[in-house]
file run.pdb (PDB, C-alpha atoms)
ATOM      1  CA  MET A   1      31.442  26.546   1.858
ATOM      2  CA  GLU A   2      32.084  23.509   4.062
ATOM      3  CA  ALA A   3      30.868  25.200   7.262
ATOM      4  CA  ALA A   4      27.780  26.410   5.423
ATOM      5  CA  GLY A   5      27.197  22.864   4.174
ATOM      6  CA  LEU A   6      27.392  21.482   7.719
ATOM      7  CA  ILE A   7      24.960  24.090   9.007
ATOM      8  CA  TRP A   8      22.623  23.367   6.099
ATOM      9  CA  MET A   9      22.803  19.616   6.781
ATOM     10  CA  MET A  10      22.005  20.053  10.485
ATOM     11  CA  LEU A  11      19.062  22.327   9.631
ATOM     12  CA  CYS A  12      17.816  19.671   7.228
ATOM     13  CA  TRP A  13      18.090  17.021   9.960
ATOM     14  CA  LEU A  14      16.052  19.245  12.290
ATOM     15  CA  ALA A  15      13.440  19.899   9.593
ATOM     16  CA  TRP A  16      13.334  16.166   8.810
ATOM     17  CA  GLY A  17      12.930  15.082  12.440
ATOM     18  CA  TYR A  18      10.385  17.689  13.483
ATOM     19  CA  PRO A  19       7.255  16.025  12.078
ATOM     20  CA  PHE A  20       8.120  12.699  13.707
ATOM     21  CA  ALA A  21       8.697  14.314  17.084
ATOM     22  CA  PHE A  22       5.935  16.916  17.121
ATOM     23  CA  ARG A  23       3.370  16.251  14.382
ATOM     24  CA  ALA A  24       2.945  12.475  14.387
ATOM     25  CA  THR A  25       0.396  10.881  16.664
ATOM     26  CA  HIS A  26       2.069   8.908  19.445
ATOM     27  CA  CYS A  27       0.786   6.588  22.208
ATOM     28  CA  GLN A  28      -2.527   5.819  20.597
ATOM     29  CA  LYS A  29      -4.922   3.770  22.698
ATOM     30  CA  ARG A  30      -6.516   1.802  19.862
ATOM     31  CA  ALA A  31      -6.709  -1.934  19.384
ATOM     32  CA  SER A  32      -3.924  -3.162  17.123
ATOM     33  CA  ILE A  33      -1.615  -5.982  16.170
ATOM     34  CA  THR A  34       2.102  -5.242  16.345
ATOM     35  CA  VAL A  35       5.252  -6.907  15.020
ATOM     36  CA  SER A  36       8.062  -5.605  17.220
ATOM     37  CA  GLY A  37      11.060  -7.931  16.701
ATOM     38  CA  PRO A  38      11.735  -7.429  12.996
ATOM     39  CA  THR A  39      10.782  -3.765  13.283
ATOM     40  CA  PHE A  40      13.477  -3.132  15.871
ATOM     41  CA  ALA A  41      16.015  -5.257  13.983
ATOM     42  CA  GLY A  42      15.421  -3.187  10.848
ATOM     43  CA  LEU A  43      15.589   0.028  12.846
ATOM     44  CA  ALA A  44      18.910  -1.085  14.361
ATOM     45  CA  PHE A  45      20.417  -1.541  10.877
ATOM     46  CA  GLU A  46      19.069   1.855   9.795
ATOM     47  CA  CYS A  47      20.558   3.487  12.906
ATOM     48  CA  ALA A  48      23.873   1.759  12.172
ATOM     49  CA  ALA A  49      23.774   3.275   8.675
ATOM     50  CA  VAL A  50      23.369   6.759  10.150
ATOM     51  CA  PHE A  51      26.142   6.076  12.676
ATOM     52  CA  VAL A  52      28.516   5.056   9.865
ATOM     53  CA  ALA A  53      27.626   8.230   7.928
ATOM     54  CA  PHE A  54      28.616  10.459  10.850
ATOM     55  CA  TRP A  55      31.503   8.418  12.262
ATOM     56  CA  PHE A  56      33.616   7.578   9.174
ATOM     57  CA  ARG A  57      34.169  11.119   8.045
ATOM     58  CA  LEU A  58      36.391  12.513   5.371
ATOM     59  CA  PRO A  59      39.889  13.341   6.640
ATOM     60  CA  ALA A  60      40.218  16.770   8.258
ATOM     61  CA  GLY A  61      40.654  19.439   5.636
ATOM     62  CA  GLN A  62      39.454  17.244   2.757
ATOM     63  CA  SER A  63      36.515  18.744   0.922
ATOM     64  CA  PRO A  64      33.831  16.462  -0.462
ATOM     65  CA  GLY A  65      33.905  18.539  -3.650
ATOM     66  CA  LEU A  66      31.349  20.886  -5.142
ATOM     67  CA  ALA A  67      29.238  18.166  -6.800
ATOM     68  CA  ARG A  68      28.803  16.256  -3.535
ATOM     69  CA  ILE A  69      28.050  19.448  -1.605
ATOM     70  CA  LEU A  70      25.393  20.525  -4.110
ATOM     71  CA  ALA A  71      23.835  17.051  -4.219
ATOM     72  CA  SER A  72      23.787  16.984  -0.418
ATOM     73  CA  MET A  73      22.135  20.389  -0.302
ATOM     74  CA  ALA A  74      19.449  19.134  -2.713
ATOM     75  CA  ALA A  75      18.784  15.875  -0.838
ATOM     76  CA  GLY A  76      18.150  17.539   2.528
ATOM     77  CA  PRO A  77      15.050  19.544   1.562
ATOM     78  CA  VAL A  78      13.663  16.540  -0.335
ATOM     79  CA  ALA A  79      14.034  14.483   2.866
ATOM     80  CA  ALA A  80      12.263  17.102   4.972
ATOM     81  CA  ALA A  81       9.436  17.563   2.462
ATOM     82  CA  LEU A  82       8.872  13.807   2.262
ATOM     83  CA  ALA A  83       8.863  13.481   6.051
ATOM     84  CA  TRP A  84       6.355  16.300   6.528
ATOM     85  CA  THR A  85       3.975  15.143   3.809
ATOM     86  CA  ALA A  86       4.230  11.449   4.755
ATOM     87  CA  VAL A  87       3.381  12.137   8.395
ATOM     88  CA  LYS A  88       0.517  14.410   7.330
ATOM     89  CA  HIS A  89      -1.017  11.867   4.938
ATOM     90  CA  LEU A  90      -0.417   8.889   7.228
ATOM     91  CA  GLY A  91      -2.207  10.712  10.035
ATOM     92  CA  LYS A  92      -3.571   8.395  12.706
ATOM     93  CA  GLN A  93      -1.981   5.353  10.995
ATOM     94  CA  PHE A  94       1.511   6.526  12.108
ATOM     95  CA  ARG A  95       3.410   4.131  14.354
ATOM     96  CA  LEU A  96       7.053   3.337  15.036
ATOM     97  CA  ARG A  97       6.600  -0.433  15.181
ATOM     98  CA  ALA A  98       5.066  -2.318  12.282
ATOM     99  CA  GLY A  99       1.442  -3.057  12.922
ATOM    100  CA  LEU A 100      -2.158  -2.469  12.048
ATOM    101  CA  TYR A 101      -4.840  -0.734  14.023
ATOM    102  CA  GLU A 102      -8.282  -2.287  14.121
ATOM    103  CA  ASP A 103      -9.555   0.617  11.992
ATOM    104  CA  HIS A 104      -6.410   0.863   9.831
ATOM    105  CA  GLU A 105      -6.786   2.432   6.395
ATOM    106  CA  LEU A 106      -4.640   1.908   3.305
ATOM    107  CA  VAL A 107      -3.165   5.357   2.637
ATOM    108  CA  ARG A 108      -2.526   6.086  -1.054
ATOM    109  CA  THR A 109      -2.565   9.888  -1.140
ATOM    110  CA  GLY A 110       0.225  12.444  -1.268
ATOM    111  CA  PRO A 111       3.662  10.821  -1.290
ATOM    112  CA  TYR A 112       1.982   7.417  -0.813
ATOM    113  CA  ALA A 113       0.787   7.733  -4.407
ATOM    114  CA  VAL A 114       4.447   7.694  -5.530
ATOM    115  CA  VAL A 115       6.083   5.316  -3.008
ATOM    116  CA  ARG A 116       4.464   2.940  -0.515
ATOM    117  CA  HIS A 117       6.920   3.857   2.250
ATOM    118  CA  PRO A 118       7.802   7.558   1.883
ATOM    119  CA  ILE A 119       9.104   7.744   5.455
ATOM    120  CA  TYR A 120      11.870   5.335   4.439
ATOM    121  CA  SER A 121      12.396   7.386   1.279
ATOM    122  CA  SER A 122      12.828  10.459   3.473
ATOM    123  CA  LEU A 123      15.304   8.609   5.696
ATOM    124  CA  LEU A 124      17.266   7.572   2.606
ATOM    125  CA  ALA A 125      17.328  11.194   1.382
ATOM    126  CA  ILE A 126      18.548  12.597   4.727
ATOM    127  CA  LEU A 127      21.110   9.803   4.914
ATOM    128  CA  LEU A 128      22.349  10.726   1.413
ATOM    129  CA  CYS A 129      22.502  14.377   2.479
ATOM    130  CA  THR A 130      24.848  13.333   5.279
ATOM    131  CA  LEU A 131      26.867  10.750   3.350
ATOM    132  CA  LEU A 132      27.602  13.107   0.478
ATOM    133  CA  LEU A 133      28.780  15.867   2.764
ATOM    134  CA  LEU A 134      30.701  13.975   5.443
ATOM    135  CA  THR A 135      31.536  10.371   4.655
ATOM    136  CA  ARG A 136      34.492   8.635   3.025
ATOM    137  CA  PRO A 137      33.473   6.915  -0.233
ATOM    138  CA  VAL A 138      34.072   3.315   0.914
ATOM    139  CA  TRP A 139      31.918   3.921   3.994
ATOM    140  CA  ILE A 140      29.140   5.385   1.862
ATOM    141  CA  ALA A 141      28.668   1.923   0.370
ATOM    142  CA  VAL A 142      28.678   0.297   3.831
ATOM    143  CA  SER A 143      26.127   2.786   5.142
ATOM    144  CA  LEU A 144      23.819   2.330   2.149
ATOM    145  CA  ALA A 145      24.050  -1.468   2.497
ATOM    146  CA  LEU A 146      23.079  -1.252   6.180
ATOM    147  CA  PHE A 147      20.226   1.098   5.325
ATOM    148  CA  ALA A 148      18.970  -1.213   2.561
ATOM    149  CA  LEU A 149      19.122  -4.254   4.849
ATOM    150  CA  GLY A 150      17.213  -2.545   7.648
ATOM    151  CA  THR A 151      14.671  -0.956   5.367
ATOM    152  CA  GLU A 152      14.028  -4.166   3.445
ATOM    153  CA  ILE A 153      13.309  -5.955   6.725
ATOM    154  CA  ARG A 154      10.836  -3.272   7.748
ATOM    155  CA  VAL A 155       9.198  -2.944   4.318
ATOM    156  CA  ARG A 156       8.637  -6.696   4.020
ATOM    157  CA  VAL A 157       7.032  -6.894   7.471
ATOM    158  CA  GLU A 158       4.803  -3.903   6.791
ATOM    159  CA  ASP A 159       3.847  -5.137   3.328
ATOM    160  CA  ARG A 160       2.894  -8.564   4.732
ATOM    161  CA  LEU A 161       0.696  -6.906   7.335
ATOM    162  CA  LEU A 162      -0.989  -4.669   4.764
ATOM    163  CA  ALA A 163      -1.492  -7.600   2.391
ATOM    164  CA  SER A 164      -3.086  -9.629   5.198
ATOM    165  CA  ARG A 165      -5.581  -6.849   5.864
ATOM    166  CA  PHE A 166      -6.239  -5.389   2.417
ATOM    167  CA  GLY A 167      -5.608  -8.415   0.171
ATOM    168  CA  GLY A 168      -6.028  -7.733  -3.543
ATOM    169  CA  GLU A 169      -6.394  -3.998  -3.001
ATOM    170  CA  PHE A 170      -2.904  -3.878  -1.485
ATOM    171  CA  GLU A 171      -1.438  -6.216  -4.124
ATOM    172  CA  GLU A 172      -2.710  -3.937  -6.881
ATOM    173  CA  TYR A 173      -1.201  -0.936  -5.065
ATOM    174  CA  ARG A 174       2.096  -2.793  -4.525
ATOM    175  CA  LYS A 175       2.369  -3.644  -8.228
ATOM    176  CA  LYS A 176       1.831  -0.022  -9.286
ATOM    177  CA  VAL A 177       3.842   1.871  -6.660
ATOM    178  CA  TRP A 178       7.534   1.575  -5.762
ATOM    179  CA  ALA A 179       8.418   0.551  -2.215
ATOM    180  CA  TYR A 180      10.714   3.436  -1.159
ATOM    181  CA  ALA A 181      13.037   4.119  -4.102
ATOM    182  CA  PRO A 182      12.677   3.868  -7.886
ATOM    183  CA  TRP A 183      12.628   0.327  -9.259
ATOM    184  CA  ILE A 184      12.301  -1.266  -5.814
ATOM    185  CA  ARG A 185       8.926  -3.019  -5.575
TER     186      ARG A 185
END
call {"tool": "encode", "arguments": {"input": "run.pdb", "output": "structure tokens"}}
result
Amino acid sequence: MEAAGLIWMMLCWLAWGYPFAFRATHCQKRASITVSGPTFAGLAFECAAVFVAFWFRLPAGQSPGLARILASMAAGPVAAALAWTAVKHLGKQFRLRAGLYEDHELVRTGPYAVVRHPIYSSLLAILLCTLLLLTRPVWIAVSLALFALGTEIRVRVEDRLLASRFGGEFEEYRKKVWAYAPWIR
């Protein structure tokens, strides 16, 4: 079961990463404003969270247990589905660094009707898939704290940008729709 879980997790990571690598629009030549510093700081914390998930593994021979394996196997497909649908609905608005294009639109369809930042929701789900299957319990908390710190930095920057462009329309959206996880506005 453990080997099958590892194979499943790696397949989920591939399915999660595919839309970012091959379906998202990259290197767009459109006028925009960009906020790079905080974006990269947040991304660094998120990457550290993933590093912790893979590095601080359960001792050799110790099983995570059936409940953790099943939860991990459920989180992976959720992560991939969120990634695919978020990239599809975001379309030409996709960018790695926080910013706004001159012709930026406020996307509120698909997963953006449920959470304002479904790409971060998908990253959280794939991180949980990994943490539940591989990581020692104390390091799960460290990884989630790093993820939350990095994601909060990025969400706040992106929300400020969207509020500056869309004003009351964005504020109404922000009040109705969670940021990236339930109860987080």
call {"tool": "atom_distance", "arguments": {"input": "run.pdb", "atom1": "atom CA of A:Ala4", "atom2": "atom CA of A:Ile119"}}
result
26.4 Å
call {"tool": "resolve_selection", "arguments": {"input": "run.pdb", "expression": "the PyMOL selection byres ((chain A and resi 20-30) around 8)", "output": "number ranges by chain"}}
result
A: 16-19, 31-32, 83, 87-88, 91-92, 94-95, 101-102
call {"tool": "residues_around", "arguments": {"input": "run.pdb", "residues": "stretch 114-118 of chain A", "least_positions_apart": "5", "cutoff": "8 Å", "atoms": "all atoms listed in the file", "output": "list in words"}}
result
Leu82, Ala83, Ala86, Arg108, Val155, Arg174, Val177, Trp178, Ala179, Tyr180 and Ala181 of chain A
call {"tool": "resolve_selection", "arguments": {"input": "run.pdb", "expression": "the PyMOL selection byres ((chain A and resi 104-107) around 8)", "output": "list of chain:residue names"}}
result
A:His89, A:Leu90, A:Gln93, A:Leu100, A:Tyr101, A:Glu102, A:Asp103, A:Arg108, A:Thr109, A:Tyr112, A:Leu162, A:Phe166, A:Phe170
call {"tool": "resolve_selection", "arguments": {"input": "run.pdb", "expression": "the PyMOL selection byres ((chain A and resi 47-61) around 8)", "output": "list in words"}}
result
Leu43, Ala44, Phe45, Glu46, Gln62, Ser63, Pro64, Leu127, Thr130, Leu131, Leu134, Thr135, Arg136, Trp139, Ile140, Val142, Ser143, Leu144, Ala145, Leu146 and Phe147 of chain A
call {"tool": "atom_distance", "arguments": {"input": "run.pdb", "atom1": "atom CA of A:Ala75", "atom2": "atom CA of A:Ala125"}}
result
5.4 Å
call {"tool": "closest_residue", "arguments": {"input": "run.pdb", "among": "A:Gly37, A:Lys176, A:Leu132, A:Ile184", "to": "A:Ala74", "atoms": "all atoms listed in the file"}}
result
A:Leu132
call {"tool": "closest_residue", "arguments": {"input": "run.pdb", "among": "A:Leu14, A:Met9, A:Leu96, A:Arg185", "to": "A:Glu172", "atoms": "all atoms listed in the file"}}
result
A:Arg185
call {"tool": "atom_distance", "arguments": {"input": "run.pdb", "atom1": "atom CA of A:Gly150", "atom2": "atom CA of A:Ala41"}}
result
7.0 Å
call {"tool": "residues_around", "arguments": {"input": "run.pdb", "residues": "A:Leu6", "least_positions_apart": "2", "cutoff": "10 Å", "atoms": "all atoms listed in the file", "output": "list in words"}}
result
Met1, Glu2, Ala3, Ala4, Trp8, Met9, Met10, Leu11, Cys12, Ile69, Ser72, Met73, Thr130, Leu133 and Leu134 of chain A
call {"tool": "closest_residue", "arguments": {"input": "run.pdb", "among": "A:Ala141, A:Ala98, A:Leu124, A:Ala67", "to": "A:Asp159", "atoms": "only C-alpha atoms"}}
result
A:Ala98
call {"tool": "closest_residue", "arguments": {"input": "run.pdb", "among": "A:Ile7, A:Leu128, A:Leu161, A:Ala148", "to": "A:Arg68", "atoms": "only C-alpha atoms"}}
result
A:Leu128
call {"tool": "residues_around", "arguments": {"input": "run.pdb", "residues": "A:Gly99", "least_positions_apart": "6", "cutoff": "6 Å", "atoms": "only C-alpha atoms", "output": "PyMOL selection string"}}
result
chain A and resi 33-35
call {"tool": "closest_residue", "arguments": {"input": "run.pdb", "among": "A:Pro137, A:Gly42, A:Gly110, A:Gly168", "to": "A:Glu152", "atoms": "all atoms listed in the file"}}
result
A:Gly42
call {"tool": "axis_aligned_box", "arguments": {"input": "run.pdb", "around": "stretch 88-107 of chain A", "padding_each_side": "6 Å", "output": "AutoDock Vina command-line options"}}
result
--center_x -1.3 --center_y 5.7 --center_z 8.9 --size_x 28.6 --size_y 29.5 --size_z 24.5
call {"tool": "build_atoms", "arguments": {"input": "run.pdb", "residues": "stretch 123-153 of chain A", "atoms": "N, CA and C atoms", "output": "short mmCIF file (atom, residue, chain, number, x, y, z; two decimals), in the coordinates of the input"}}
result
data_model
loop_
_atom_site.label_atom_id
_atom_site.label_comp_id
_atom_site.auth_asym_id
_atom_site.auth_seq_id
_atom_site.Cartn_x
_atom_site.Cartn_y
_atom_site.Cartn_z
N LEU A 123 14.10 9.00 4.95
CA LEU A 123 15.30 8.61 5.70
C LEU A 123 16.47 8.38 4.74
N LEU A 124 16.21 7.77 3.60
CA LEU A 124 17.27 7.57 2.61
C LEU A 124 17.79 8.92 2.12
N ALA A 125 16.90 9.87 1.88
CA ALA A 125 17.33 11.19 1.38
C ALA A 125 18.16 11.94 2.43
N ILE A 126 17.76 11.90 3.70
CA ILE A 126 18.55 12.60 4.73
C ILE A 126 19.87 11.87 4.97
N LEU A 127 19.86 10.56 4.82
CA LEU A 127 21.11 9.80 4.91
C LEU A 127 22.04 10.20 3.77
N LEU A 128 21.53 10.29 2.55
CA LEU A 128 22.35 10.73 1.41
C LEU A 128 22.88 12.13 1.62
N CYS A 129 22.06 13.02 2.17
CA CYS A 129 22.50 14.38 2.48
C CYS A 129 23.75 14.33 3.35
N THR A 130 23.74 13.46 4.34
CA THR A 130 24.85 13.33 5.28
C THR A 130 26.04 12.63 4.64
N LEU A 131 25.78 11.52 3.97
CA LEU A 131 26.87 10.75 3.35
C LEU A 131 27.65 11.59 2.34
N LEU A 132 26.94 12.32 1.52
CA LEU A 132 27.60 13.11 0.48
C LEU A 132 28.46 14.22 1.06
N LEU A 133 28.06 14.75 2.17
CA LEU A 133 28.78 15.87 2.76
C LEU A 133 29.92 15.42 3.67
N LEU A 134 29.75 14.32 4.38
CA LEU A 134 30.70 13.98 5.44
C LEU A 134 31.54 12.72 5.25
N THR A 135 31.03 11.73 4.53
CA THR A 135 31.54 10.37 4.66
C THR A 135 32.54 9.99 3.57
N ARG A 136 33.52 9.19 3.98
CA ARG A 136 34.49 8.64 3.02
C ARG A 136 33.77 7.71 2.05
N PRO A 137 34.19 7.69 0.78
CA PRO A 137 33.47 6.92 -0.23
C PRO A 137 33.25 5.44 0.10
N VAL A 138 34.24 4.74 0.62
CA VAL A 138 34.07 3.32 0.91
C VAL A 138 33.00 3.11 1.99
N TRP A 139 32.90 4.03 2.92
CA TRP A 139 31.92 3.92 3.99
C TRP A 139 30.52 4.32 3.54
N ILE A 140 30.45 5.08 2.44
CA ILE A 140 29.14 5.38 1.86
C ILE A 140 28.46 4.08 1.45
N ALA A 141 29.22 3.21 0.81
CA ALA A 141 28.67 1.92 0.37
C ALA A 141 28.23 1.08 1.57
N VAL A 142 29.03 1.06 2.63
CA VAL A 142 28.68 0.30 3.83
C VAL A 142 27.39 0.85 4.44
N SER A 143 27.31 2.16 4.56
CA SER A 143 26.13 2.79 5.14
C SER A 143 24.88 2.48 4.32
N LEU A 144 24.97 2.61 3.01
CA LEU A 144 23.82 2.33 2.15
C LEU A 144 23.40 0.86 2.22
N ALA A 145 24.38 -0.04 2.36
CA ALA A 145 24.05 -1.47 2.50
C ALA A 145 23.31 -1.72 3.81
N LEU A 146 23.76 -1.11 4.89
CA LEU A 146 23.08 -1.25 6.18
C LEU A 146 21.66 -0.67 6.12
N PHE A 147 21.55 0.49 5.48
CA PHE A 147 20.23 1.10 5.32
C PHE A 147 19.30 0.18 4.53
N ALA A 148 19.79 -0.34 3.41
CA ALA A 148 18.97 -1.21 2.56
C ALA A 148 18.55 -2.47 3.32
N LEU A 149 19.46 -3.06 4.08
CA LEU A 149 19.12 -4.25 4.85
C LEU A 149 18.02 -3.94 5.87
N GLY A 150 18.21 -2.91 6.64
CA GLY A 150 17.21 -2.54 7.65
C GLY A 150 15.88 -2.16 7.06
N THR A 151 15.91 -1.41 5.99
CA THR A 151 14.67 -0.96 5.37
C THR A 151 13.94 -2.11 4.70
N GLU A 152 14.67 -3.01 4.06
CA GLU A 152 14.03 -4.17 3.44
C GLU A 152 13.33 -5.03 4.49
N ILE A 153 13.95 -5.20 5.64
CA ILE A 153 13.31 -5.96 6.72
C ILE A 153 11.99 -5.29 7.09
#
